[in-house]
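Here is the structure we will look at, set down as structure tokens.
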Amino acid sequence: MNKRRAGFGPAALAVLVVALITALVGYGSLTTAAASPAAAAAGASVGCGKAATLASGTHTIQSSGQTRSYILRLPAGYDDTRPYRLVFGFHWLGGTMNDVDSGGTDGYNWSYYGLRKLADADGNGTIFVAPQGTNNGWANPGGQDVAFVDDMLNQFESGLCIDTGQIFSSGFSYGAAMTYALACARPTVFRAVAVYSGANLSGCDGGTQPVAYIGLHGIRDNVLPIADGRALRDTFVRNNQCTPQNPPEPAYGSLTHIVTAYTGCKPGYPVVWAAFDGAGHDPGPIDGSTGDGWHTWTSGVVWNFFTQFQSSPPPTSPSSTPSTTPSTTPSTTPSTTPSSNPPPTGACSATYSTTNSWPGGFQGQVTVTAGSAAINGWTVKWTLADGQTISQVWSGTLTTSGSSASVGNAAYNGSLQPAASTSFGFLADGSPSVPALSCTSP
């Protein structure tokens with residue numbers, strides 16, 4: 001995964017500082033932009049039901065008097081009658097659109113920060129795009145990079161079948177800064193954003209409306225210190241009307257991570273903060289080491305955060321009364337969306353899928369669905385196969401006894417309405433297998 005970190009030598013840091021100054025100067029005279037034409041009511045784009053005018057590969061587009069480039073990645077078997085989720089992946093300083101699309105030295109496993117592989121395994125319902133920054137960065141002078149995104153979106157929505165309520169952005173470092181700028185400037189366009197090790201380098205025109213937000217940052221980051229990431233996060237803690245708190249972060253030397261879901265947020269606009277120790281300026285830390293790799297926990301956490309949202313617009317009802325107790329969890333706020341299938345006959349049911357695997361280990365996800373009546377708490381049990389051990393669980397509480405594994409709900413995802421679902425994930429050593437799951441509710 002070296003390609004994504006190579007751009008941060010002394011020379012590149014100097015470029016980063018110059019870019020920051022340029023961006024802030026440019027934004028000083030920029031008036032607040034109107035909502036993009038792409039900010040239509042959530043639903044199928046005008047390209048649905050028409051033959052696609054774009055295909056996977058490298059494309060160019062005219063934007064702000066310049067020729068800009070991007071790589072488009074359509075899912076296999078693209079269907080022009082199916083509205084697809086759309087995920088942007090922005091590269092870091094010195095990186096390229098090809099680095100994001102190809103996955104660099106880790107290939108397909110790390111394509112789009114590991115999200116593409118998870119999307120393929122989860123119903124093949126996502127279109128990915130990797131734009132190319134000017135001079136391999138995202139200074140966004142005069143809002144040019146935001147306008148570039150507007151122009152791409154208009155092209156995608158007219159030429160492809162896009163779910164306009166399912167548009168997301170992710171990016172690392174300078175790409176994280178660009179993702180933050182989009183959250184500020186296009187809050188009615190982007191359903192949620194994932195900011196990996198970011199800072200305010202691309203501006204924040206607007207920055208007063210809510211957007212679902214997950215920020216990930218290392219406490220050892222010596223390129224963009226974690227204080228920069230906290231500042232970006234706090235913008236949306238405020239905008240999303242979450243209960244302010246100082247979420248816990250792992251101790252130096254612990255080589256672990258802590259994910260905190262804020263409480264009291266406006267319905268439909270969660271904020272999640274993931275702090276880690278080990279790797280420094282990096283989107284792919286691995287617990288228990290100072291290195292990185294495609295089998296990082298960050299891919300699953302971000303994918304779960306994005307996929308909790310459905311195609312309808314965010315709710316507009318007032319926020320519920322904030323809780324006075326901070327919610328600290330080992331994962332993102334999960335989906336509790338009613339299933340389109342008939343509810344199970346018991347109190348709850350559980351289904352399993354392998355979302356990642358590598359020699360000697362794998363990542364699994366279990367979806368819990370309530371039956372015909374609401375439940376307040378759940379427990380999933382199964383027997384581990386020979387050689388399997390669970391090393392980490394998020395969105396649940398693990399108990400093991402020999403080969404028996406039991407995961408109970410976390411504090412925030414135990415209450416489910418009839419036919420609603422949530423999920424938890426885990427990392428395990430050994431070879432993946434499909435277990436026989438049982439689900440009970442007290």
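Residues in the structure tokens are numbered from 1 in each chain, the chains being A, B, ... in the order shown, and ligands are numbered from 1 in the order shown.
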Where does DSSP see helix (DSSP H, G or I) in range 100-264 of chain A, if you list the residues as a compact mmCIF listing (two decimals) with all heavy atoms, in the first residue's frame?
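Result saved to selection.txt:
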```txt
# COMPACT_ATOMS: atom_id res chain seq x y z
N VAL A 100 -6.35 5.29 -6.82
CA VAL A 100 -7.59 4.98 -6.10
C VAL A 100 -8.35 3.85 -6.80
O VAL A 100 -8.81 2.91 -6.16
CB VAL A 100 -8.47 6.24 -5.99
CG1 VAL A 100 -9.84 5.90 -5.42
CG2 VAL A 100 -7.79 7.29 -5.12
N ASP A 101 -8.47 3.96 -8.11
CA ASP A 101 -9.24 2.96 -8.85
C ASP A 101 -8.57 1.60 -8.85
O ASP A 101 -9.23 0.57 -8.66
CB ASP A 101 -9.44 3.43 -10.30
CG ASP A 101 -10.21 2.42 -11.13
OD1 ASP A 101 -11.45 2.34 -10.96
OD2 ASP A 101 -9.58 1.70 -11.93
N SER A 102 -7.26 1.57 -9.04
CA SER A 102 -6.55 0.29 -9.13
C SER A 102 -6.31 -0.36 -7.78
O SER A 102 -6.13 -1.57 -7.68
CB SER A 102 -5.22 0.48 -9.84
OG SER A 102 -4.31 1.21 -9.03
N GLY A 104 -3.60 0.46 -6.07
CA GLY A 104 -2.15 0.52 -5.86
C GLY A 104 -1.54 -0.86 -5.77
O GLY A 104 -1.92 -1.80 -6.47
N THR A 105 -0.61 -1.01 -4.85
CA THR A 105 0.10 -2.28 -4.72
C THR A 105 -0.77 -3.40 -4.18
O THR A 105 -0.43 -4.58 -4.32
CB THR A 105 1.33 -2.11 -3.80
OG1 THR A 105 0.90 -1.58 -2.54
CG2 THR A 105 2.34 -1.16 -4.42
N ASP A 106 -1.90 -3.07 -3.58
CA ASP A 106 -2.82 -4.09 -3.07
C ASP A 106 -3.90 -4.45 -4.08
O ASP A 106 -4.75 -5.31 -3.80
CB ASP A 106 -3.47 -3.64 -1.76
CG ASP A 106 -2.55 -3.82 -0.57
OD1 ASP A 106 -1.62 -4.63 -0.68
OD2 ASP A 106 -2.76 -3.15 0.45
N GLY A 107 -3.93 -3.77 -5.21
CA GLY A 107 -4.84 -4.12 -6.28
C GLY A 107 -6.31 -4.03 -5.90
O GLY A 107 -6.73 -3.17 -5.12
N TYR A 108 -7.08 -4.94 -6.46
CA TYR A 108 -8.54 -4.94 -6.29
C TYR A 108 -8.96 -4.89 -4.83
O TYR A 108 -9.96 -4.24 -4.49
CB TYR A 108 -9.10 -6.20 -6.97
CG TYR A 108 -10.56 -6.47 -6.72
CD1 TYR A 108 -11.54 -5.65 -7.28
CD2 TYR A 108 -10.96 -7.56 -5.96
CE1 TYR A 108 -12.89 -5.90 -7.06
CE2 TYR A 108 -12.31 -7.83 -5.75
CZ TYR A 108 -13.26 -7.00 -6.30
OH TYR A 108 -14.60 -7.26 -6.08
N ASN A 109 -8.20 -5.53 -3.96
CA ASN A 109 -8.58 -5.56 -2.54
C ASN A 109 -8.64 -4.17 -1.91
O ASN A 109 -9.34 -3.98 -0.91
CB ASN A 109 -7.60 -6.43 -1.75
CG ASN A 109 -7.74 -7.90 -2.06
OD1 ASN A 109 -8.85 -8.38 -2.28
ND2 ASN A 109 -6.63 -8.62 -2.10
N TRP A 110 -7.89 -3.22 -2.45
CA TRP A 110 -7.85 -1.87 -1.88
C TRP A 110 -8.43 -0.83 -2.83
O TRP A 110 -8.35 0.36 -2.57
CB TRP A 110 -6.42 -1.52 -1.48
CG TRP A 110 -6.30 -0.26 -0.69
CD1 TRP A 110 -5.60 0.86 -1.02
CD2 TRP A 110 -6.90 0.04 0.59
NE1 TRP A 110 -5.72 1.83 -0.05
CE2 TRP A 110 -6.51 1.35 0.95
CE3 TRP A 110 -7.72 -0.69 1.45
CZ2 TRP A 110 -6.92 1.94 2.14
CZ3 TRP A 110 -8.13 -0.08 2.63
CH2 TRP A 110 -7.73 1.21 2.96
N LEU A 115 -13.57 -0.29 -0.64
CA LEU A 115 -15.03 -0.28 -0.71
C LEU A 115 -15.55 -1.02 -1.93
O LEU A 115 -16.65 -1.60 -1.90
CB LEU A 115 -15.56 1.15 -0.72
CG LEU A 115 -15.21 2.01 0.50
CD1 LEU A 115 -15.85 3.39 0.37
CD2 LEU A 115 -15.64 1.33 1.79
N ARG A 116 -14.79 -1.02 -3.02
CA ARG A 116 -15.27 -1.67 -4.24
C ARG A 116 -15.47 -3.17 -4.03
O ARG A 116 -16.47 -3.74 -4.46
CB ARG A 116 -14.29 -1.41 -5.38
CG ARG A 116 -14.72 -2.02 -6.70
CD ARG A 116 -13.69 -1.72 -7.78
NE ARG A 116 -13.79 -2.68 -8.87
CZ ARG A 116 -12.77 -3.08 -9.60
NH1 ARG A 116 -11.55 -2.62 -9.36
NH2 ARG A 116 -12.94 -3.94 -10.58
N LYS A 117 -14.53 -3.81 -3.37
CA LYS A 117 -14.65 -5.24 -3.13
C LYS A 117 -15.86 -5.54 -2.26
O LYS A 117 -16.60 -6.50 -2.51
CB LYS A 117 -13.38 -5.79 -2.48
CG LYS A 117 -13.42 -7.28 -2.22
CD LYS A 117 -12.10 -7.79 -1.70
CE LYS A 117 -12.15 -9.30 -1.49
NZ LYS A 117 -10.86 -9.85 -1.03
N LEU A 118 -16.09 -4.72 -1.25
CA LEU A 118 -17.24 -4.92 -0.38
C LEU A 118 -18.54 -4.69 -1.14
O LEU A 118 -19.53 -5.39 -0.92
CB LEU A 118 -17.16 -3.99 0.82
CG LEU A 118 -15.97 -4.22 1.77
CD1 LEU A 118 -16.01 -3.22 2.92
CD2 LEU A 118 -15.96 -5.64 2.31
N ALA A 119 -18.55 -3.72 -2.05
CA ALA A 119 -19.74 -3.46 -2.86
C ALA A 119 -20.04 -4.64 -3.77
O ALA A 119 -21.20 -5.05 -3.93
CB ALA A 119 -19.56 -2.19 -3.68
N ASP A 120 -19.00 -5.19 -4.38
CA ASP A 120 -19.21 -6.34 -5.27
C ASP A 120 -19.78 -7.53 -4.51
O ASP A 120 -20.60 -8.28 -5.04
CB ASP A 120 -17.89 -6.74 -5.92
CG ASP A 120 -17.42 -5.73 -6.96
OD1 ASP A 120 -18.21 -4.84 -7.33
OD2 ASP A 120 -16.25 -5.82 -7.40
N ALA A 121 -19.34 -7.69 -3.26
CA ALA A 121 -19.82 -8.81 -2.44
C ALA A 121 -21.19 -8.55 -1.84
O ALA A 121 -21.82 -9.46 -1.30
CB ALA A 121 -18.82 -9.10 -1.33
N THR A 134 -6.03 18.57 -9.95
CA THR A 134 -5.06 19.41 -10.65
C THR A 134 -3.73 19.38 -9.89
O THR A 134 -3.72 19.58 -8.67
CB THR A 134 -5.57 20.84 -10.76
OG1 THR A 134 -6.84 20.84 -11.43
CG2 THR A 134 -4.59 21.72 -11.53
N ASN A 135 -2.64 19.12 -10.61
CA ASN A 135 -1.33 18.98 -9.97
C ASN A 135 -1.35 17.93 -8.86
O ASN A 135 -0.67 18.07 -7.84
CB ASN A 135 -0.83 20.32 -9.44
CG ASN A 135 -0.64 21.35 -10.53
OD1 ASN A 135 -0.17 21.03 -11.61
ND2 ASN A 135 -1.02 22.60 -10.24
N ASN A 136 -2.17 16.91 -9.06
CA ASN A 136 -2.30 15.80 -8.11
C ASN A 136 -2.73 16.24 -6.72
O ASN A 136 -2.37 15.63 -5.72
CB ASN A 136 -1.00 15.00 -8.03
CG ASN A 136 -0.62 14.37 -9.35
OD1 ASN A 136 0.16 14.95 -10.11
ND2 ASN A 136 -1.17 13.23 -9.65
N PRO A 141 -9.19 26.11 -6.06
CA PRO A 141 -9.17 27.57 -6.17
C PRO A 141 -10.48 28.10 -6.75
O PRO A 141 -10.94 27.63 -7.79
CB PRO A 141 -7.99 27.84 -7.10
CG PRO A 141 -7.85 26.60 -7.91
CD PRO A 141 -8.22 25.47 -6.98
N GLY A 142 -11.07 29.06 -6.07
CA GLY A 142 -12.32 29.62 -6.55
C GLY A 142 -13.45 28.61 -6.66
O GLY A 142 -14.41 28.83 -7.38
N GLY A 143 -13.33 27.50 -5.96
CA GLY A 143 -14.37 26.48 -6.01
C GLY A 143 -14.35 25.63 -7.26
O GLY A 143 -15.32 24.93 -7.57
N GLN A 144 -13.21 25.62 -7.99
CA GLN A 144 -13.14 24.90 -9.26
C GLN A 144 -13.32 23.39 -9.09
O GLN A 144 -13.94 22.74 -9.95
CB GLN A 144 -11.81 25.19 -9.96
CG GLN A 144 -11.71 26.57 -10.54
CD GLN A 144 -10.41 26.79 -11.30
OE1 GLN A 144 -9.58 25.89 -11.41
NE2 GLN A 144 -10.23 28.00 -11.83
N ASP A 145 -12.80 22.82 -8.02
CA ASP A 145 -12.93 21.38 -7.85
C ASP A 145 -14.35 20.98 -7.46
O ASP A 145 -14.83 19.91 -7.85
CB ASP A 145 -11.91 20.87 -6.82
CG ASP A 145 -10.49 20.93 -7.33
OD1 ASP A 145 -10.29 20.74 -8.55
OD2 ASP A 145 -9.57 21.17 -6.53
N VAL A 146 -15.02 21.84 -6.71
CA VAL A 146 -16.43 21.58 -6.41
C VAL A 146 -17.25 21.66 -7.70
O VAL A 146 -18.14 20.83 -7.95
CB VAL A 146 -16.97 22.57 -5.36
CG1 VAL A 146 -18.49 22.44 -5.22
CG2 VAL A 146 -16.30 22.33 -4.01
N ALA A 147 -16.95 22.65 -8.55
CA ALA A 147 -17.64 22.76 -9.84
C ALA A 147 -17.37 21.54 -10.71
O ALA A 147 -18.25 21.08 -11.45
CB ALA A 147 -17.21 24.04 -10.55
N PHE A 148 -16.14 21.01 -10.65
CA PHE A 148 -15.79 19.78 -11.37
C PHE A 148 -16.70 18.63 -10.94
O PHE A 148 -17.22 17.88 -11.77
CB PHE A 148 -14.32 19.47 -11.10
CG PHE A 148 -13.78 18.18 -11.65
CD1 PHE A 148 -14.24 17.66 -12.85
CD2 PHE A 148 -12.79 17.50 -10.97
CE1 PHE A 148 -13.73 16.46 -13.36
CE2 PHE A 148 -12.25 16.31 -11.46
CZ PHE A 148 -12.74 15.80 -12.65
N VAL A 149 -16.93 18.51 -9.65
CA VAL A 149 -17.82 17.46 -9.15
C VAL A 149 -19.25 17.70 -9.63
O VAL A 149 -19.95 16.76 -10.05
CB VAL A 149 -17.76 17.39 -7.61
CG1 VAL A 149 -18.81 16.42 -7.07
CG2 VAL A 149 -16.36 16.95 -7.16
N ASP A 150 -19.70 18.95 -9.60
CA ASP A 150 -21.04 19.27 -10.12
C ASP A 150 -21.18 18.81 -11.57
O ASP A 150 -22.19 18.21 -11.96
CB ASP A 150 -21.29 20.78 -10.06
CG ASP A 150 -21.48 21.31 -8.65
OD1 ASP A 150 -21.72 20.50 -7.74
OD2 ASP A 150 -21.38 22.54 -8.47
N ASP A 151 -20.17 19.11 -12.37
CA ASP A 151 -20.23 18.77 -13.79
C ASP A 151 -20.23 17.24 -14.00
O ASP A 151 -20.95 16.73 -14.87
CB ASP A 151 -19.05 19.40 -14.54
CG ASP A 151 -19.15 20.93 -14.59
OD1 ASP A 151 -20.28 21.45 -14.50
OD2 ASP A 151 -18.10 21.60 -14.69
N MET A 152 -19.43 16.54 -13.21
CA MET A 152 -19.46 15.07 -13.30
C MET A 152 -20.83 14.54 -12.93
O MET A 152 -21.38 13.66 -13.61
CB MET A 152 -18.38 14.47 -12.40
CG MET A 152 -16.97 14.58 -12.94
SD MET A 152 -15.77 13.66 -11.92
CE MET A 152 -15.67 14.73 -10.47
N LEU A 153 -21.39 15.05 -11.85
CA LEU A 153 -22.69 14.56 -11.40
C LEU A 153 -23.77 14.79 -12.44
O LEU A 153 -24.62 13.92 -12.69
CB LEU A 153 -23.08 15.24 -10.08
CG LEU A 153 -22.42 14.67 -8.82
CD1 LEU A 153 -22.68 15.58 -7.63
CD2 LEU A 153 -22.93 13.26 -8.53
N ASN A 154 -23.76 15.95 -13.07
CA ASN A 154 -24.74 16.22 -14.11
C ASN A 154 -24.59 15.22 -15.26
O ASN A 154 -25.58 14.74 -15.82
CB ASN A 154 -24.59 17.65 -14.63
CG ASN A 154 -25.09 18.67 -13.63
OD1 ASN A 154 -25.93 18.38 -12.79
ND2 ASN A 154 -24.55 19.89 -13.71
N GLN A 155 -23.36 14.91 -15.61
CA GLN A 155 -23.10 13.94 -16.68
C GLN A 155 -23.56 12.54 -16.27
O GLN A 155 -24.18 11.82 -17.05
CB GLN A 155 -21.62 13.95 -17.02
CG GLN A 155 -21.26 13.13 -18.25
CD GLN A 155 -19.79 13.21 -18.57
OE1 GLN A 155 -18.96 12.70 -17.82
NE2 GLN A 155 -19.44 13.86 -19.69
N PHE A 156 -23.25 12.15 -15.03
CA PHE A 156 -23.62 10.82 -14.56
C PHE A 156 -25.14 10.66 -14.49
O PHE A 156 -25.69 9.63 -14.89
CB PHE A 156 -23.02 10.53 -13.18
CG PHE A 156 -21.53 10.59 -13.13
CD1 PHE A 156 -20.87 10.87 -11.94
CD2 PHE A 156 -20.75 10.36 -14.26
CE1 PHE A 156 -19.50 10.92 -11.87
CE2 PHE A 156 -19.36 10.41 -14.20
CZ PHE A 156 -18.74 10.69 -13.01
N GLU A 157 -25.81 11.67 -13.95
CA GLU A 157 -27.25 11.54 -13.75
C GLU A 157 -28.02 11.56 -15.05
O GLU A 157 -29.13 11.00 -15.13
CB GLU A 157 -27.74 12.64 -12.80
CG GLU A 157 -27.22 12.45 -11.39
CD GLU A 157 -27.73 13.49 -10.41
OE1 GLU A 157 -28.62 14.28 -10.81
OE2 GLU A 157 -27.25 13.52 -9.27
N SER A 158 -27.47 12.18 -16.08
CA SER A 158 -28.14 12.19 -17.37
C SER A 158 -27.80 10.96 -18.21
O SER A 158 -28.60 10.53 -19.04
CB SER A 158 -27.78 13.46 -18.16
OG SER A 158 -26.39 13.50 -18.43
N GLY A 159 -26.61 10.37 -17.98
CA GLY A 159 -26.17 9.26 -18.81
C GLY A 159 -26.20 7.91 -18.15
O GLY A 159 -25.97 6.89 -18.81
N TYR A 174 -5.38 14.86 1.32
CA TYR A 174 -5.91 15.95 0.51
C TYR A 174 -7.27 15.56 -0.06
O TYR A 174 -8.18 16.39 -0.21
CB TYR A 174 -4.94 16.28 -0.63
CG TYR A 174 -4.80 17.76 -0.93
CD1 TYR A 174 -3.63 18.24 -1.50
CD2 TYR A 174 -5.82 18.67 -0.67
CE1 TYR A 174 -3.46 19.58 -1.80
CE2 TYR A 174 -5.67 20.02 -0.96
CZ TYR A 174 -4.50 20.47 -1.53
OH TYR A 174 -4.34 21.80 -1.82
N GLY A 175 -7.45 14.27 -0.36
CA GLY A 175 -8.76 13.79 -0.80
C GLY A 175 -9.79 13.87 0.30
O GLY A 175 -10.99 14.07 0.03
N ALA A 176 -9.36 13.74 1.55
CA ALA A 176 -10.26 13.94 2.68
C ALA A 176 -10.67 15.40 2.78
O ALA A 176 -11.83 15.72 3.08
CB ALA A 176 -9.59 13.48 3.97
N ALA A 177 -9.72 16.29 2.54
CA ALA A 177 -10.03 17.72 2.56
C ALA A 177 -11.05 18.06 1.49
O ALA A 177 -11.97 18.86 1.71
CB ALA A 177 -8.75 18.53 2.34
N MET A 178 -10.92 17.43 0.31
CA MET A 178 -11.88 17.67 -0.77
C MET A 178 -13.25 17.12 -0.40
O MET A 178 -14.29 17.73 -0.66
CB MET A 178 -11.37 17.04 -2.06
CG MET A 178 -12.26 17.31 -3.27
SD MET A 178 -12.35 19.08 -3.63
CE MET A 178 -13.95 19.14 -4.49
N THR A 179 -13.27 15.96 0.23
CA THR A 179 -14.54 15.37 0.68
C THR A 179 -15.22 16.27 1.70
O THR A 179 -16.44 16.48 1.67
CB THR A 179 -14.27 13.97 1.26
OG1 THR A 179 -13.87 13.10 0.20
CG2 THR A 179 -15.51 13.40 1.94
N TYR A 180 -14.43 16.83 2.61
CA TYR A 180 -14.97 17.78 3.60
C TYR A 180 -15.53 19.01 2.90
O TYR A 180 -16.61 19.50 3.26
CB TYR A 180 -13.87 18.16 4.57
CG TYR A 180 -14.23 19.24 5.56
CD1 TYR A 180 -15.11 18.99 6.61
CD2 TYR A 180 -13.68 20.52 5.47
CE1 TYR A 180 -15.43 19.98 7.53
CE2 TYR A 180 -13.99 21.52 6.38
CZ TYR A 180 -14.87 21.25 7.41
OH TYR A 180 -15.18 22.23 8.32
N ALA A 181 -14.82 19.52 1.88
CA ALA A 181 -15.30 20.69 1.14
C ALA A 181 -16.64 20.40 0.47
O ALA A 181 -17.52 21.27 0.42
CB ALA A 181 -14.26 21.10 0.09
N LEU A 182 -16.82 19.18 -0.03
CA LEU A 182 -18.09 18.82 -0.65
C LEU A 182 -19.20 18.72 0.39
O LEU A 182 -20.35 19.10 0.12
CB LEU A 182 -17.94 17.49 -1.39
CG LEU A 182 -17.10 17.53 -2.66
CD1 LEU A 182 -16.84 16.13 -3.18
CD2 LEU A 182 -17.77 18.38 -3.74
N ALA A 183 -18.88 18.19 1.57
CA ALA A 183 -19.88 18.13 2.64
C ALA A 183 -20.34 19.54 3.01
O ALA A 183 -21.53 19.77 3.28
CB ALA A 183 -19.32 17.41 3.85
N CYS A 184 -19.41 20.47 3.03
CA CYS A 184 -19.75 21.86 3.35
C CYS A 184 -20.58 22.51 2.24
O CYS A 184 -21.59 23.16 2.50
CB CYS A 184 -18.47 22.68 3.56
SG CYS A 184 -17.52 22.26 5.03
N ALA A 185 -20.13 22.33 0.99
CA ALA A 185 -20.71 23.07 -0.13
C ALA A 185 -21.91 22.40 -0.77
O ALA A 185 -22.73 23.07 -1.40
CB ALA A 185 -19.63 23.30 -1.21
N ILE A 226 -4.01 14.91 14.37
CA ILE A 226 -5.37 14.51 14.65
C ILE A 226 -6.25 15.69 15.07
O ILE A 226 -7.47 15.66 14.87
CB ILE A 226 -5.39 13.40 15.72
CG1 ILE A 226 -6.78 12.74 15.80
CG2 ILE A 226 -4.93 13.91 17.07
CD1 ILE A 226 -6.82 11.49 16.65
N ALA A 227 -5.64 16.75 15.59
CA ALA A 227 -6.42 17.94 15.95
C ALA A 227 -7.12 18.51 14.71
O ALA A 227 -8.22 19.06 14.82
CB ALA A 227 -5.53 19.00 16.58
N ASP A 228 -6.49 18.39 13.54
CA ASP A 228 -7.12 18.86 12.31
C ASP A 228 -8.37 18.05 12.00
O ASP A 228 -9.40 18.58 11.61
CB ASP A 228 -6.15 18.76 11.13
CG ASP A 228 -4.97 19.71 11.24
OD1 ASP A 228 -5.11 20.74 11.94
OD2 ASP A 228 -3.92 19.44 10.64
N GLY A 229 -8.27 16.74 12.19
CA GLY A 229 -9.42 15.89 11.95
C GLY A 229 -10.55 16.15 12.93
O GLY A 229 -11.73 16.11 12.56
N ARG A 230 -10.19 16.40 14.17
CA ARG A 230 -11.22 16.70 15.18
C ARG A 230 -11.98 17.97 14.81
O ARG A 230 -13.21 18.06 15.01
CB ARG A 230 -10.58 16.87 16.55
CG ARG A 230 -9.93 15.62 17.12
CD ARG A 230 -9.36 15.91 18.50
NE ARG A 230 -8.50 14.85 19.00
CZ ARG A 230 -7.26 15.02 19.44
NH1 ARG A 230 -6.73 16.24 19.44
NH2 ARG A 230 -6.56 14.00 19.88
N ALA A 231 -11.27 18.95 14.29
CA ALA A 231 -11.91 20.21 13.92
C ALA A 231 -12.93 20.00 12.79
O ALA A 231 -14.03 20.58 12.81
CB ALA A 231 -10.86 21.24 13.50
N LEU A 232 -12.59 19.17 11.80
CA LEU A 232 -13.54 18.88 10.74
C LEU A 232 -14.76 18.16 11.30
O LEU A 232 -15.91 18.49 10.98
CB LEU A 232 -12.89 17.99 9.67
CG LEU A 232 -11.60 18.47 9.00
CD1 LEU A 232 -11.27 17.58 7.81
CD2 LEU A 232 -11.68 19.92 8.59
N ARG A 233 -14.51 17.16 12.13
CA ARG A 233 -15.60 16.41 12.76
C ARG A 233 -16.54 17.33 13.52
O ARG A 233 -17.77 17.22 13.41
CB ARG A 233 -15.00 15.39 13.73
CG ARG A 233 -15.98 14.65 14.61
CD ARG A 233 -15.27 14.14 15.86
NE ARG A 233 -14.86 15.20 16.76
CZ ARG A 233 -13.95 15.07 17.72
NH1 ARG A 233 -13.32 13.92 17.90
NH2 ARG A 233 -13.64 16.10 18.51
N ASP A 234 -15.98 18.27 14.27
CA ASP A 234 -16.80 19.12 15.13
C ASP A 234 -17.71 20.05 14.34
O ASP A 234 -18.74 20.50 14.84
CB ASP A 234 -15.91 19.91 16.09
CG ASP A 234 -15.30 19.03 17.17
OD1 ASP A 234 -15.76 17.88 17.33
OD2 ASP A 234 -14.34 19.49 17.84
N THR A 235 -17.32 20.35 13.08
CA THR A 235 -18.23 21.12 12.22
C THR A 235 -19.56 20.41 12.08
O THR A 235 -20.63 21.02 12.19
CB THR A 235 -17.60 21.32 10.82
OG1 THR A 235 -16.39 22.07 10.94
CG2 THR A 235 -18.56 22.04 9.89
N PHE A 236 -19.51 19.09 11.89
CA PHE A 236 -20.74 18.35 11.66
C PHE A 236 -21.37 17.83 12.94
O PHE A 236 -22.56 17.50 12.95
CB PHE A 236 -20.51 17.26 10.61
CG PHE A 236 -20.32 17.88 9.25
CD1 PHE A 236 -19.05 18.15 8.76
CD2 PHE A 236 -21.41 18.28 8.52
CE1 PHE A 236 -18.88 18.78 7.54
CE2 PHE A 236 -21.26 18.91 7.29
CZ PHE A 236 -19.99 19.17 6.80
N VAL A 237 -20.61 17.78 14.03
CA VAL A 237 -21.24 17.58 15.33
C VAL A 237 -22.20 18.74 15.59
O VAL A 237 -23.33 18.54 16.05
CB VAL A 237 -20.17 17.49 16.44
CG1 VAL A 237 -20.83 17.51 17.82
CG2 VAL A 237 -19.34 16.20 16.28
N ARG A 238 -21.74 19.94 15.26
CA ARG A 238 -22.59 21.12 15.43
C ARG A 238 -23.74 21.14 14.42
O ARG A 238 -24.91 21.30 14.79
CB ARG A 238 -21.75 22.39 15.27
CG ARG A 238 -22.55 23.69 15.40
CD ARG A 238 -21.69 24.91 15.12
NE ARG A 238 -21.28 24.95 13.71
CZ ARG A 238 -20.02 24.78 13.30
NH1 ARG A 238 -19.05 24.54 14.16
NH2 ARG A 238 -19.73 24.85 12.01
N ASN A 239 -23.42 20.97 13.14
CA ASN A 239 -24.45 21.04 12.10
C ASN A 239 -25.52 19.96 12.28
O ASN A 239 -26.69 20.20 11.98
CB ASN A 239 -23.83 20.90 10.71
CG ASN A 239 -22.94 22.06 10.35
OD1 ASN A 239 -22.85 23.05 11.08
ND2 ASN A 239 -22.25 21.95 9.23
```
Please, which residues in range 123-176 of chain A fall within 6 Å of range 192-202 of chain A when counting only C-alpha atoms, and what is the closest atom pair and distance in Å to one decimal for each, ordered by chain then residue number, as a Markdown table?
```
| residue | atom | partner | partner_atom | distance |
| --- | --- | --- | --- | --- |
| A:Ala139 | CA | A:Ser202 | CA | 5.2 |
| A:Asn140 | CA | A:Ser202 | CA | 5.5 |
| A:Phe168 | CA | A:Ala192 | CA | 5.3 |
| A:Ser169 | CA | A:Val193 | CA | 4.8 |
| A:Ser170 | CA | A:Ala194 | CA | 4.6 |
| A:Gly171 | CA | A:Val195 | CA | 5.8 |
| A:Phe172 | CA | A:Tyr196 | CA | 4.6 |
| A:Ser173 | CA | A:Gly198 | CA | 4.7 |
| A:Ala176 | CA | A:Val195 | CA | 4.7 |
```
For this session: Quote the spacing between CA of Pro187 in chain A and CA of Pro210 in chain A in Å to one decimal place.
Result: 6.6 Å
For Pro131 in chain A, work out the shell of residues within 9 Å, counting only C-alpha atoms and skipping chain neighbours fewer than 6 positions away, then give it as a PDB file with C-alpha atoms, in the first residue's frame.
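Final file, selection.pdb:
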```
ATOM      1  CA  ARG A  68     -10.523  17.394 -16.356  1.00  0.00           C
ATOM      2  CA  SER A  69     -10.264  13.601 -16.055  1.00  0.00           C
ATOM      3  CA  TYR A  70     -11.869  10.836 -14.032  1.00  0.00           C
ATOM      4  CA  ILE A  71     -12.082   7.043 -13.990  1.00  0.00           C
ATOM      5  CA  LEU A  72     -15.547   5.509 -13.908  1.00  0.00           C
ATOM      6  CA  PHE A  88     -16.553   9.170  -5.165  1.00  0.00           C
ATOM      7  CA  GLY A  89     -12.994   8.262  -4.168  1.00  0.00           C
ATOM      8  CA  PHE A  90     -10.550  11.189  -3.949  1.00  0.00           C
ATOM      9  CA  HIS A  91      -6.787  10.646  -4.018  1.00  0.00           C
ATOM     10  CA  THR A  96      -3.720   9.841  -8.867  1.00  0.00           C
ATOM     11  CA  MET A  97      -7.143   8.684  -9.890  1.00  0.00           C
ATOM     12  CA  ASN A  98      -5.512   5.462 -11.068  1.00  0.00           C
ATOM     13  CA  PHE A 148     -15.788  19.781 -11.367  1.00  0.00           C
ATOM     14  CA  VAL A 149     -17.820  17.463  -9.147  1.00  0.00           C
TER      15      VAL A 149
END
```
